[in-house]
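Chemist: final.tsv is reproduced in full below (TSV, C-alpha atoms).
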```tsv
chain	number	residue	atom	x	y	z
A	1	MET	CA	-7.10	2.22	-32.92
A	2	LYS	CA	-3.69	3.56	-33.93
A	3	LEU	CA	-1.36	0.72	-34.90
A	4	PHE	CA	1.78	2.83	-34.80
A	5	ALA	CA	1.19	5.14	-31.88
A	6	SER	CA	3.65	7.85	-30.91
A	7	LYS	CA	5.13	8.11	-27.43
A	8	CYS	CA	2.40	7.87	-24.81
A	9	ILE	CA	1.67	10.99	-22.75
A	10	ASP	CA	1.88	9.58	-19.24
A	11	THR	CA	-0.33	10.48	-16.26
A	12	VAL	CA	2.67	12.14	-14.57
A	13	GLU	CA	5.85	13.24	-16.35
A	14	GLU	CA	9.22	14.64	-15.33
A	15	PHE	CA	10.61	18.11	-15.96
A	16	TRP	CA	14.24	17.17	-16.47
A	17	THR	CA	15.94	16.70	-19.83
A	18	GLN	CA	18.50	14.22	-21.07
A	19	LYS	CA	21.06	17.03	-20.89
A	20	ASP	CA	20.31	17.47	-17.17
A	21	TRP	CA	21.13	13.82	-16.58
A	22	SER	CA	24.27	14.07	-18.71
A	23	ASP	CA	25.43	17.02	-16.62
A	24	VAL	CA	24.80	15.45	-13.22
A	25	THR	CA	26.03	11.92	-14.04
A	26	SER	CA	29.39	13.20	-15.27
A	27	PHE	CA	30.48	13.72	-11.69
A	28	GLY	CA	29.05	13.34	-8.22
A	29	SER	CA	29.99	14.38	-4.73
A	30	GLN	CA	28.64	13.47	-1.32
A	31	LEU	CA	28.29	17.23	-0.83
A	32	HIS	CA	25.39	17.18	-3.27
A	33	ILE	CA	23.38	15.02	-0.85
A	34	GLN	CA	23.92	17.50	1.94
A	35	GLU	CA	23.14	20.44	-0.37
A	36	PHE	CA	19.87	18.86	-1.51
A	37	CYS	CA	18.79	18.17	2.07
A	38	VAL	CA	19.62	21.77	3.08
A	39	ASN	CA	17.81	23.22	0.06
A	40	PHE	CA	14.80	20.99	0.69
A	41	SER	CA	14.69	22.11	4.33
A	42	GLU	CA	14.84	25.76	3.25
A	43	TYR	CA	12.12	25.21	0.63
A	44	LEU	CA	9.77	23.83	3.30
A	45	GLY	CA	10.81	26.50	5.80
A	46	LEU	CA	11.86	23.98	8.45
A	47	SER	CA	13.35	25.21	11.72
A	48	ASN	CA	13.23	22.33	14.19
A	49	SER	CA	13.45	19.24	11.96
A	50	ILE	CA	16.16	17.16	10.33
A	51	VAL	CA	16.10	15.94	6.71
A	52	ILE	CA	17.34	12.38	6.16
A	53	PRO	CA	18.07	10.77	2.75
A	54	CYS	CA	16.51	7.36	2.03
A	55	SER	CA	16.25	4.93	-0.87
A	56	THR	CA	12.49	5.43	-1.32
A	57	GLY	CA	9.49	7.06	0.30
A	58	GLU	CA	8.72	3.59	1.64
A	59	GLU	CA	12.03	3.42	3.49
A	60	ALA	CA	11.48	6.95	4.81
A	61	LEU	CA	8.12	5.82	6.20
A	62	TYR	CA	9.73	2.72	7.68
A	63	TRP	CA	12.21	4.84	9.69
A	64	ALA	CA	9.54	7.33	10.74
A	65	LEU	CA	7.53	4.42	12.13
A	66	LYS	CA	10.54	2.75	13.75
A	67	SER	CA	11.43	5.96	15.57
A	68	VAL	CA	8.19	5.74	17.55
A	69	LEU	CA	7.13	2.07	17.46
A	70	PHE	CA	10.35	0.54	18.81
A	71	ASN	CA	9.42	1.55	22.37
A	72	ALA	CA	5.65	2.15	22.03
A	73	ILE	CA	3.18	0.14	24.10
A	74	SER	CA	0.52	0.18	21.38
A	75	LYS	CA	1.66	-0.85	17.89
A	76	LYS	CA	-1.53	0.34	16.18
A	77	VAL	CA	-1.07	2.57	13.14
A	78	LEU	CA	-4.07	4.39	11.63
A	79	VAL	CA	-3.86	4.80	7.85
A	80	CYS	CA	-6.39	5.48	5.11
A	81	GLY	CA	-7.27	2.21	3.35
A	82	PHE	CA	-7.33	3.99	-0.03
A	83	ASN	CA	-3.59	3.75	-0.40
A	84	CYS	CA	-0.58	2.14	-2.03
A	85	SER	CA	0.49	-1.30	-0.81
A	86	VAL	CA	3.99	-0.01	-0.02
A	87	VAL	CA	2.49	2.06	2.80
A	88	PHE	CA	0.95	-1.04	4.33
A	89	ARG	CA	4.19	-2.96	3.81
A	90	SER	CA	6.18	-0.27	5.63
A	91	VAL	CA	3.83	-0.48	8.61
A	92	ASN	CA	4.13	-4.26	8.78
A	93	GLU	CA	7.92	-4.27	8.37
A	94	ALA	CA	8.30	-1.63	11.08
A	95	GLY	CA	6.36	-3.84	13.50
A	96	GLY	CA	3.10	-1.91	13.38
A	97	GLU	CA	-0.47	-3.19	13.49
A	98	LEU	CA	-2.45	-1.81	10.54
A	99	ILE	CA	-5.78	-0.13	11.28
A	100	LYS	CA	-7.28	1.06	8.00
A	101	PHE	CA	-10.01	3.67	7.74
A	102	ASP	CA	-12.36	4.96	5.08
A	103	ARG	CA	-11.32	8.37	3.74
A	104	PRO	CA	-13.64	10.91	5.40
A	105	LYS	CA	-15.11	13.85	3.51
A	106	PRO	CA	-12.93	16.96	3.93
A	107	GLU	CA	-15.54	18.68	6.08
A	108	ASP	CA	-15.73	15.65	8.41
A	109	TYR	CA	-12.04	14.81	8.43
A	110	SER	CA	-10.97	15.90	11.92
A	111	ALA	CA	-14.12	14.70	13.70
A	112	ALA	CA	-13.94	11.27	12.03
A	113	ILE	CA	-10.26	10.78	12.88
A	114	MET	CA	-10.76	11.92	16.48
A	115	ALA	CA	-13.47	9.29	16.92
A	116	LEU	CA	-11.14	6.63	15.47
A	117	ILE	CA	-8.33	7.62	17.82
A	118	LEU	CA	-10.59	7.44	20.87
A	119	ASN	CA	-11.84	4.02	19.77
A	120	GLU	CA	-8.58	2.40	18.58
A	121	LYS	CA	-6.00	4.18	20.79
A	122	PRO	CA	-3.19	4.04	18.19
A	123	SER	CA	0.40	5.17	18.58
A	124	VAL	CA	0.67	6.54	15.04
A	125	LEU	CA	-1.61	8.34	12.58
A	126	ILE	CA	-0.56	8.58	8.92
A	127	ILE	CA	-2.09	11.47	6.97
A	128	THR	CA	-1.91	10.95	3.20
A	129	HIS	CA	-2.08	14.00	0.92
A	130	PHE	CA	-3.56	12.46	-2.22
A	131	PHE	CA	-2.77	13.65	-5.77
A	132	GLY	CA	-1.32	16.98	-4.57
A	133	ALA	CA	-4.37	18.10	-2.54
A	134	PRO	CA	-3.54	18.39	1.20
A	135	GLU	CA	-5.79	17.00	3.90
A	136	ASP	CA	-6.43	19.71	6.50
A	137	PHE	CA	-5.60	17.92	9.75
A	138	SER	CA	-4.58	21.07	11.66
A	139	GLU	CA	-7.38	20.58	14.20
A	140	LEU	CA	-5.98	17.13	15.02
A	141	ILE	CA	-2.52	18.27	16.10
A	142	THR	CA	-3.34	19.36	19.66
A	143	PHE	CA	-5.73	16.42	20.06
A	144	CYS	CA	-3.05	13.93	18.97
A	145	ASN	CA	-0.44	15.53	21.22
A	146	HIS	CA	-2.83	15.15	24.16
A	147	HIS	CA	-3.47	11.47	23.39
A	148	GLY	CA	0.15	10.62	22.62
A	149	VAL	CA	-0.39	9.94	18.91
A	150	PHE	CA	2.60	10.45	16.60
A	151	ILE	CA	1.55	12.03	13.27
A	152	ILE	CA	3.25	11.26	9.96
A	153	GLU	CA	2.45	13.20	6.80
A	154	ASP	CA	2.71	11.09	3.65
A	155	CYS	CA	3.74	13.74	1.10
A	156	ALA	CA	4.66	11.33	-1.70
A	157	HIS	CA	2.00	13.02	-3.89
A	158	CYS	CA	2.29	16.54	-2.54
A	159	LEU	CA	5.17	19.02	-2.57
A	160	GLY	CA	4.40	22.71	-2.26
A	161	GLY	CA	0.78	22.39	-1.14
A	162	LYS	CA	-0.34	24.41	1.85
A	163	ILE	CA	-2.67	23.94	4.83
A	164	LYS	CA	-3.76	27.46	5.65
A	165	ASP	CA	-0.40	29.26	5.41
A	166	LEU	CA	1.77	26.28	6.42
A	167	MET	CA	3.67	24.15	3.92
A	168	VAL	CA	2.63	20.51	3.70
A	169	GLY	CA	5.26	18.36	5.39
A	170	THR	CA	5.90	20.80	8.23
A	171	LEU	CA	2.91	20.32	10.53
A	172	ALA	CA	3.41	16.75	11.79
A	173	ASP	CA	6.03	14.96	13.89
A	174	ALA	CA	7.43	13.44	10.70
A	175	SER	CA	6.82	13.60	6.97
A	176	ILE	CA	7.99	11.51	4.04
A	177	PHE	CA	8.69	12.43	0.40
A	178	SER	CA	9.26	10.25	-2.66
A	179	PHE	CA	11.17	11.00	-5.86
A	180	ASN	CA	10.00	8.07	-7.96
A	181	TYR	CA	9.20	8.48	-11.68
A	182	ASP	CA	5.58	9.54	-10.99
A	183	LYS	CA	6.11	12.00	-8.14
A	184	PRO	CA	6.12	15.85	-7.91
A	185	ILE	CA	9.90	15.91	-8.40
A	186	SER	CA	11.17	12.82	-10.19
A	187	LEU	CA	14.74	11.68	-9.65
A	188	LEU	CA	13.88	8.15	-10.85
A	189	GLY	CA	14.15	7.04	-7.24
A	190	GLY	CA	15.08	8.17	-3.77
A	191	GLY	CA	13.19	9.64	-0.84
A	192	LEU	CA	13.52	11.92	2.17
A	193	LEU	CA	12.40	11.68	5.78
A	194	VAL	CA	11.68	14.91	7.66
A	195	LEU	CA	11.71	14.34	11.42
A	196	ARG	CA	11.33	16.63	14.40
A	197	THR	CA	14.74	17.11	15.99
A	198	CYS	CA	13.46	15.91	19.36
A	199	TYR	CA	12.88	12.43	17.85
A	200	GLU	CA	16.42	12.07	16.45
A	201	PRO	CA	17.64	10.07	19.50
A	202	ASN	CA	14.74	7.65	18.98
A	203	LEU	CA	15.68	7.25	15.34
A	204	ILE	CA	19.26	6.37	16.25
A	205	LYS	CA	18.12	3.92	18.93
A	206	SER	CA	15.75	2.25	16.46
A	207	GLY	CA	18.69	1.29	14.21
A	208	TYR	CA	19.13	4.05	11.64
A	209	LEU	CA	22.84	4.53	10.87
A	210	LYS	CA	24.19	6.98	8.29
A	211	GLY	CA	21.72	6.70	5.46
A	212	GLY	CA	19.42	3.84	6.28
A	213	LEU	CA	19.05	0.30	5.09
A	214	TYR	CA	20.91	0.45	1.78
A	215	LYS	CA	23.80	2.87	2.33
A	216	LYS	CA	26.41	0.44	0.93
A	217	ARG	CA	24.58	0.27	-2.41
A	218	GLN	CA	25.12	3.94	-3.20
A	219	LYS	CA	27.92	2.98	-5.63
A	220	TYR	CA	25.27	1.49	-7.94
A	221	GLU	CA	23.33	4.74	-8.33
A	222	LYS	CA	24.49	5.43	-11.90
A	223	ILE	CA	23.45	1.91	-12.96
A	224	SER	CA	20.10	2.41	-11.26
A	225	VAL	CA	19.48	5.66	-13.15
A	226	PHE	CA	20.39	4.02	-16.47
A	227	LEU	CA	18.04	1.08	-15.89
A	228	MET	CA	15.16	3.34	-14.84
A	229	MET	CA	15.68	5.40	-18.01
A	230	LYS	CA	15.24	2.21	-20.01
A	231	TRP	CA	12.19	1.22	-17.97
A	232	LEU	CA	10.54	4.60	-18.61
A	233	TYR	CA	11.28	4.37	-22.34
A	234	TRP	CA	9.67	0.93	-22.58
A	235	ARG	CA	6.65	2.07	-20.54
A	236	ARG	CA	5.96	5.14	-22.65
A	237	ASN	CA	6.59	3.45	-25.99
A	238	SER	CA	4.52	0.31	-25.49
A	239	THR	CA	1.35	1.15	-27.45
A	240	GLY	CA	0.48	-0.13	-30.90
A	241	ILE	CA	2.21	-2.87	-32.91
A	242	MET	CA	5.57	-1.10	-32.72
A	243	GLY	CA	5.33	-1.21	-28.92
A	244	ILE	CA	5.18	-5.02	-28.68
A	245	PRO	CA	8.96	-5.44	-28.04
A	246	ASN	CA	8.77	-2.85	-25.26
A	247	ARG	CA	5.79	-4.61	-23.67
A	248	ILE	CA	7.77	-7.87	-23.74
A	249	LEU	CA	10.80	-6.20	-22.12
A	250	LEU	CA	8.59	-4.66	-19.43
A	251	ARG	CA	7.08	-8.05	-18.65
A	252	LEU	CA	10.44	-9.84	-18.56
A	253	LEU	CA	12.65	-7.24	-16.87
A	254	GLY	CA	10.41	-4.49	-15.48
A	255	ASN	CA	9.83	-5.90	-12.00
A	256	HIS	CA	13.52	-6.79	-11.59
A	257	ILE	CA	14.56	-3.22	-12.44
A	258	ILE	CA	12.04	-1.74	-10.00
A	259	HIS	CA	13.12	-4.15	-7.25
A	260	PHE	CA	16.79	-3.25	-7.80
A	261	ASN	CA	16.05	0.48	-7.92
A	262	ARG	CA	14.14	0.42	-4.63
A	263	LYS	CA	17.32	-0.64	-2.82
A	264	ILE	CA	19.57	2.16	-4.08
A	265	PRO	CA	19.84	5.06	-1.60
A	266	LEU	CA	19.50	8.71	-2.54
A	267	GLY	CA	23.04	9.43	-3.70
A	268	PRO	CA	25.05	12.33	-5.13
A	269	ILE	CA	23.74	11.99	-8.71
A	270	ARG	CA	20.06	12.14	-7.82
A	271	SER	CA	20.73	14.80	-5.17
A	272	HIS	CA	22.58	16.97	-7.69
A	273	LEU	CA	19.61	16.76	-10.05
A	274	GLY	CA	17.28	17.39	-7.09
A	275	VAL	CA	18.99	20.71	-6.38
A	276	ILE	CA	18.43	21.76	-10.01
A	277	LEU	CA	14.79	20.64	-10.12
A	278	LEU	CA	13.90	22.21	-6.79
A	279	SER	CA	14.97	25.59	-8.22
A	280	ARG	CA	12.51	25.05	-11.14
A	281	TYR	CA	9.66	23.62	-9.14
A	282	LYS	CA	7.67	26.80	-8.45
A	283	GLN	CA	7.12	27.40	-12.16
A	284	VAL	CA	6.25	23.75	-12.78
A	285	GLN	CA	3.76	23.78	-9.91
A	286	GLU	CA	2.04	26.84	-11.36
A	287	ILE	CA	1.67	25.15	-14.75
A	288	ARG	CA	0.24	21.98	-13.19
A	289	ASN	CA	-2.26	23.94	-11.09
A	290	ASN	CA	-3.30	25.97	-14.13
A	291	ASN	CA	-3.79	22.80	-16.17
A	292	ALA	CA	-5.85	21.27	-13.36
A	293	SER	CA	-8.12	24.33	-13.38
A	294	ARG	CA	-8.78	23.78	-17.09
A	295	ILE	CA	-10.22	20.28	-16.69
A	296	CYS	CA	-13.98	20.46	-17.28
A	297	PHE	CA	-15.84	17.75	-15.39
A	298	PRO	CA	-18.94	16.14	-16.88
A	299	HIS	CA	-22.36	16.47	-15.26
A	300	GLN	CA	-22.59	14.65	-11.90
A	301	THR	CA	-18.82	14.19	-11.65
A	302	THR	CA	-16.22	16.22	-9.82
A	303	GLY	CA	-12.53	16.49	-9.18
A	304	TRP	CA	-10.81	15.34	-6.00
A	305	GLN	CA	-12.45	17.09	-3.05
A	306	TYR	CA	-10.43	19.12	-0.54
A	307	ALA	CA	-11.06	21.62	2.24
A	308	PRO	CA	-11.30	25.34	1.39
A	309	THR	CA	-8.46	25.94	3.87
A	310	VAL	CA	-5.85	24.22	1.69
A	311	LYS	CA	-3.95	25.12	-1.48
A	312	PRO	CA	-3.23	22.12	-3.71
A	313	ALA	CA	-0.05	21.50	-5.68
A	314	TRP	CA	-1.62	19.16	-8.19
A	315	LEU	CA	0.31	16.08	-9.29
A	316	LYS	CA	-2.62	14.67	-11.26
A	317	GLN	CA	-6.37	15.08	-11.10
A	318	LYS	CA	-8.75	12.42	-9.80
A	319	CYS	CA	-12.21	12.66	-11.32
A	320	GLY	CA	-15.46	10.79	-10.73
A	321	PRO	CA	-17.67	8.99	-10.26
A	322	PHE	CA	-18.07	7.38	-13.69
A	323	ARG	CA	-20.01	4.35	-14.77
A	324	LEU	CA	-17.76	1.38	-15.50
A	325	GLN	CA	-18.69	1.39	-19.21
A	326	ASP	CA	-17.74	5.07	-19.42
A	327	ILE	CA	-14.37	4.36	-17.81
A	328	SER	CA	-13.69	1.64	-20.39
A	329	ARG	CA	-14.62	4.02	-23.20
A	330	ILE	CA	-12.40	6.82	-21.85
A	331	GLU	CA	-9.43	4.49	-21.34
A	332	ARG	CA	-9.76	2.98	-24.81
A	333	THR	CA	-10.18	6.31	-26.59
A	334	ALA	CA	-7.37	7.90	-24.57
A	335	ARG	CA	-5.01	5.14	-25.74
A	336	ASP	CA	-5.96	5.94	-29.35
A	337	HIS	CA	-4.75	9.48	-28.64
A	338	SER	CA	-1.59	8.21	-26.88
A	339	LEU	CA	-2.82	9.53	-23.53
A	340	ARG	CA	-2.62	7.58	-20.28
A	341	ILE	CA	-5.96	8.27	-18.63
A	342	GLY	CA	-7.97	5.74	-16.68
A	343	ASN	CA	-8.84	3.85	-13.55
A	344	PHE	CA	-5.42	3.18	-12.03
A	345	ASN	CA	-6.30	2.15	-8.49
A	346	TRP	CA	-4.58	0.27	-5.70
A	347	PRO	CA	-5.93	-3.34	-5.83
A	348	ASP	CA	-5.50	-4.01	-2.09
A	349	ILE	CA	-8.59	-1.87	-1.49
A	350	PHE	CA	-10.89	-4.58	-2.84
A	351	SER	CA	-9.76	-7.09	-0.22
A	352	GLU	CA	-11.21	-5.04	2.63
A	353	ASP	CA	-14.61	-5.24	4.33
A	354	SER	CA	-16.89	-3.10	2.17
A	355	THR	CA	-19.00	-1.94	5.11
A	356	SER	CA	-16.10	0.10	6.51
A	357	ASN	CA	-14.51	0.82	3.14
A	358	ARG	CA	-17.31	2.32	1.06
A	359	SER	CA	-15.72	5.62	0.04
A	360	ASN	CA	-12.42	3.92	-0.70
A	361	MET	CA	-14.17	1.33	-2.90
A	362	GLU	CA	-16.02	4.10	-4.74
A	363	PHE	CA	-12.77	5.92	-5.51
A	364	ALA	CA	-11.08	2.68	-6.60
A	365	LYS	CA	-13.89	1.50	-8.90
A	366	HIS	CA	-15.48	4.62	-10.33
A	367	TRP	CA	-12.84	7.36	-10.40
A	368	ILE	CA	-10.14	7.97	-13.00
A	369	ASP	CA	-6.68	9.55	-13.07
A	370	ILE	CA	-6.17	12.50	-15.43
A	371	PRO	CA	-2.81	14.09	-16.33
A	372	VAL	CA	-2.33	17.80	-15.60
A	373	HIS	CA	1.47	17.83	-15.81
A	374	GLN	CA	3.70	20.51	-17.30
A	375	ASN	CA	4.30	18.66	-20.59
A	376	LEU	CA	0.68	18.89	-21.74
A	377	THR	CA	-0.19	21.20	-24.61
A	378	ASP	CA	-3.41	23.12	-25.22
A	379	SER	CA	-4.30	20.42	-27.75
A	380	HIS	CA	-3.84	17.69	-25.12
A	381	LEU	CA	-6.10	19.50	-22.66
A	382	GLN	CA	-8.78	20.01	-25.31
A	383	THR	CA	-8.62	16.30	-26.17
A	384	ILE	CA	-8.89	15.32	-22.49
A	385	ASN	CA	-11.99	17.47	-21.98
A	386	ARG	CA	-13.56	16.06	-25.13
A	387	LEU	CA	-12.88	12.48	-23.97
A	388	LEU	CA	-14.48	13.14	-20.60
A	389	HIS	CA	-17.66	14.54	-22.16
A	390	ASP	CA	-18.14	12.17	-25.09
A	391	GLU	CA	-21.15	9.94	-24.62
```
Would you write the structure of this file as structure tokens?
Modeler:
Amino acid sequence: MKLFASKCIDTVEEFWTQKDWSDVTSFGSQLHIQEFCVNFSEYLGLSNSIVIPCSTGEEALYWALKSVLFNAISKKVLVCGFNCSVVFRSVNEAGGELIKFDRPKPEDYSAAIMALILNEKPSVLIITHFFGAPEDFSELITFCNHHGVFIIEDCAHCLGGKIKDLMVGTLADASIFSFNYDKPISLLGGGLLVLRTCYEPNLIKSGYLKGGLYKKRQKYEKISVFLMMKWLYWRRNSTGIMGIPNRILLRLLGNHIIHFNRKIPLGPIRSHLGVILLSRYKQVQEIRNNNASRICFPHQTTGWQYAPTVKPAWLKQKCGPFRLQDISRIERTARDHSLRIGNFNWPDIFSEDSTSNRSNMEFAKHWIDIPVHQNLTDSHLQTINRLLHDE
């Protein structure tokens, strides 16, 4: 094991530089928020939707849910149980009743969800596009319209992916995007809600006023960015003996910084950077997809499965299944090479009934996360493939 490891190559990394942040933090204007929302709308090709700034993807999901649940008879919300706890928290805080389901195979996706809708009669269905690979739910749209089910696309992992020829985030009644440190475009925080224009009156009635829950905290955005910079530095320089102080700082202050950051709305600084990064994103997406295509999976394992009708915009690759001892070996050896590869699952999955959660449990226990981001070199990719195949 390396005692004095260099900076860790994270599972997902940003494509901004310190100079970018210096440029955008030197001044800020509310016009940058509007410009980012307009540019984002144009990037997706939206024509009948509004784009609303939020503090996080979680808050965006909260308002999407509130816009339909505040006057819905049924409060049931269908969501894949293989998911982040913030999704479940948003549903609960918006007054919804969580109904979790096992992720169907891509070829069975529509049929399985239709059966769930007929059985549960929900008001809302959340479609999660995992790791940059879209779920093809196009066959569900007419069915959901007929049964009065509001569809939300969770695009926190996916920007630029396509379902057939349609951009992810444009097919449903609403979609949500996150700009956290580990998302397709990182602004160290912030989120956007995309909502069909016809639901805007519902959003206003549900309580949304000029920017959401944390509008008054926008003045703290520069502090938030500074603290998240520190948090990222500690996280990526915490291996080996030299990383002990950073591990201590993460333990003492990390959760407080994250909690503070989650309550800072998307402001002019992050929006200004967002405009810059959106203009670079096509090239970054191409590099990530190319890197993903260069991952060689061991015998009897595979990458994250998706329908042939979709075009991924990979954020990271999910690979499996692996035996638990192989996962431990890969994680340990990856750390020796300053690479963050391993089984980074959502722990809430293990609290569910295994009989209706089998696929989710399999992904959580036996699959690993692999970086494919734009900062990887040929040497990194060769090392990753060697780690996956070493016995």
Chemist: So which one's closest to Thr383 of chain A, A:His157, A:Lys19, A:Lys365, A:Arg335? Using all atoms listed in the file, please.
Modeler: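 Under the stated criterion, the closest residue is A:Arg335.
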Chemist: If we count all atoms listed in the file, what is near Lys316 of chain A at a cut-off of 9 Å, once residues fewer than 5 positions away on the same chain are taken out, given as a list in words?
Modeler: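 So, after excluding close chain neighbours, the residues are Thr11, Val12, Phe131, Gly132, His157, Arg288, Ala292, Asp369, Ile370, Pro371, Val372 and His373 of chain A.
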Chemist: With all atoms listed in the file as the atoms that count, which of A:Asp10, A:Ser178, A:His272, A:Asn71 lies nearest to Val86 of chain A?
Modeler: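 Checking each candidate against Val86 of chain A, we get A:Ser178 as the closest.
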Chemist: Go ahead and find all residues with at least one atom no further than 10 Å from (-2.1, 14.6, -1.3) in the file's coordinates, using only C-alpha atoms; report them as a PyMOL selection string.
Modeler: chain A and resi 127-135+153-159+161+168+304+306+312-316
Chemist: Could you tell me which of A:His366, A:Asn202, A:Val77, A:Leu278 comes closest to Glu42 of chain A if we count all atoms listed in the file?
Modeler: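 Looking only at the distances to Glu42 of chain A, the closest residue turns out to be A:Leu278.
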Chemist: Start from the incomplete input, build N, CA and C atoms for segment 224-245 of chain A, and deliver everything as a PDB file, in the frame of the given file.
Modeler:
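After the write, result_37.pdb holds the following:
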```pdb
ATOM      1  N   SER A 224      21.520   2.319 -11.570  1.00  0.00           N
ATOM      2  CA  SER A 224      20.100   2.410 -11.260  1.00  0.00           C
ATOM      3  C   SER A 224      19.407   3.440 -12.142  1.00  0.00           C
ATOM      4  N   VAL A 225      20.035   4.607 -12.297  1.00  0.00           N
ATOM      5  CA  VAL A 225      19.480   5.660 -13.150  1.00  0.00           C
ATOM      6  C   VAL A 225      19.367   5.176 -14.591  1.00  0.00           C
ATOM      7  N   PHE A 226      20.396   4.531 -15.094  1.00  0.00           N
ATOM      8  CA  PHE A 226      20.390   4.020 -16.470  1.00  0.00           C
ATOM      9  C   PHE A 226      19.248   3.027 -16.680  1.00  0.00           C
ATOM     10  N   LEU A 227      19.088   2.093 -15.758  1.00  0.00           N
ATOM     11  CA  LEU A 227      18.040   1.080 -15.890  1.00  0.00           C
ATOM     12  C   LEU A 227      16.640   1.701 -15.821  1.00  0.00           C
ATOM     13  N   MET A 228      16.460   2.687 -14.933  1.00  0.00           N
ATOM     14  CA  MET A 228      15.160   3.340 -14.840  1.00  0.00           C
ATOM     15  C   MET A 228      14.846   4.159 -16.088  1.00  0.00           C
ATOM     16  N   MET A 229      15.875   4.725 -16.726  1.00  0.00           N
ATOM     17  CA  MET A 229      15.680   5.400 -18.010  1.00  0.00           C
ATOM     18  C   MET A 229      15.121   4.427 -19.042  1.00  0.00           C
ATOM     19  N   LYS A 230      15.715   3.231 -19.083  1.00  0.00           N
ATOM     20  CA  LYS A 230      15.240   2.210 -20.010  1.00  0.00           C
ATOM     21  C   LYS A 230      13.807   1.812 -19.692  1.00  0.00           C
ATOM     22  N   TRP A 231      13.533   1.616 -18.410  1.00  0.00           N
ATOM     23  CA  TRP A 231      12.190   1.220 -17.970  1.00  0.00           C
ATOM     24  C   TRP A 231      11.156   2.250 -18.410  1.00  0.00           C
ATOM     25  N   LEU A 232      11.465   3.537 -18.213  1.00  0.00           N
ATOM     26  CA  LEU A 232      10.540   4.600 -18.610  1.00  0.00           C
ATOM     27  C   LEU A 232      10.316   4.608 -20.124  1.00  0.00           C
ATOM     28  N   TYR A 233      11.398   4.403 -20.878  1.00  0.00           N
ATOM     29  CA  TYR A 233      11.280   4.370 -22.340  1.00  0.00           C
ATOM     30  C   TYR A 233      10.335   3.246 -22.772  1.00  0.00           C
ATOM     31  N   TRP A 234      10.537   2.058 -22.222  1.00  0.00           N
ATOM     32  CA  TRP A 234       9.670   0.930 -22.580  1.00  0.00           C
ATOM     33  C   TRP A 234       8.217   1.228 -22.208  1.00  0.00           C
ATOM     34  N   ARG A 235       7.998   1.794 -21.023  1.00  0.00           N
ATOM     35  CA  ARG A 235       6.650   2.070 -20.540  1.00  0.00           C
ATOM     36  C   ARG A 235       5.919   3.036 -21.459  1.00  0.00           C
ATOM     37  N   ARG A 236       6.618   4.082 -21.899  1.00  0.00           N
ATOM     38  CA  ARG A 236       5.960   5.140 -22.650  1.00  0.00           C
ATOM     39  C   ARG A 236       6.005   4.920 -24.161  1.00  0.00           C
ATOM     40  N   ASN A 237       6.566   3.809 -24.573  1.00  0.00           N
ATOM     41  CA  ASN A 237       6.590   3.450 -25.990  1.00  0.00           C
ATOM     42  C   ASN A 237       6.103   2.016 -26.168  1.00  0.00           C
ATOM     43  N   SER A 238       5.011   1.696 -25.483  1.00  0.00           N
ATOM     44  CA  SER A 238       4.520   0.310 -25.490  1.00  0.00           C
ATOM     45  C   SER A 238       3.148   0.162 -26.139  1.00  0.00           C
ATOM     46  N   THR A 239       2.657   1.235 -26.814  1.00  0.00           N
ATOM     47  CA  THR A 239       1.350   1.150 -27.450  1.00  0.00           C
ATOM     48  C   THR A 239       1.512   0.787 -28.922  1.00  0.00           C
ATOM     49  N   GLY A 240       0.464   0.217 -29.488  1.00  0.00           N
ATOM     50  CA  GLY A 240       0.480  -0.130 -30.900  1.00  0.00           C
ATOM     51  C   GLY A 240       1.378  -1.323 -31.209  1.00  0.00           C
ATOM     52  N   ILE A 241       1.416  -1.718 -32.486  1.00  0.00           N
ATOM     53  CA  ILE A 241       2.210  -2.870 -32.910  1.00  0.00           C
ATOM     54  C   ILE A 241       3.697  -2.628 -32.653  1.00  0.00           C
ATOM     55  N   MET A 242       4.157  -1.416 -32.904  1.00  0.00           N
ATOM     56  CA  MET A 242       5.570  -1.100 -32.720  1.00  0.00           C
ATOM     57  C   MET A 242       5.987  -1.188 -31.251  1.00  0.00           C
ATOM     58  N   GLY A 243       5.017  -1.160 -30.347  1.00  0.00           N
ATOM     59  CA  GLY A 243       5.330  -1.210 -28.920  1.00  0.00           C
ATOM     60  C   GLY A 243       5.409  -2.615 -28.350  1.00  0.00           C
ATOM     61  N   ILE A 244       5.168  -3.640 -29.177  1.00  0.00           N
ATOM     62  CA  ILE A 244       5.180  -5.020 -28.680  1.00  0.00           C
ATOM     63  C   ILE A 244       6.526  -5.394 -28.047  1.00  0.00           C
ATOM     64  N   PRO A 245       7.677  -5.107 -28.680  1.00  0.00           N
ATOM     65  CA  PRO A 245       8.960  -5.440 -28.040  1.00  0.00           C
ATOM     66  C   PRO A 245       9.122  -4.782 -26.670  1.00  0.00           C
TER      67      PRO A 245
END
```
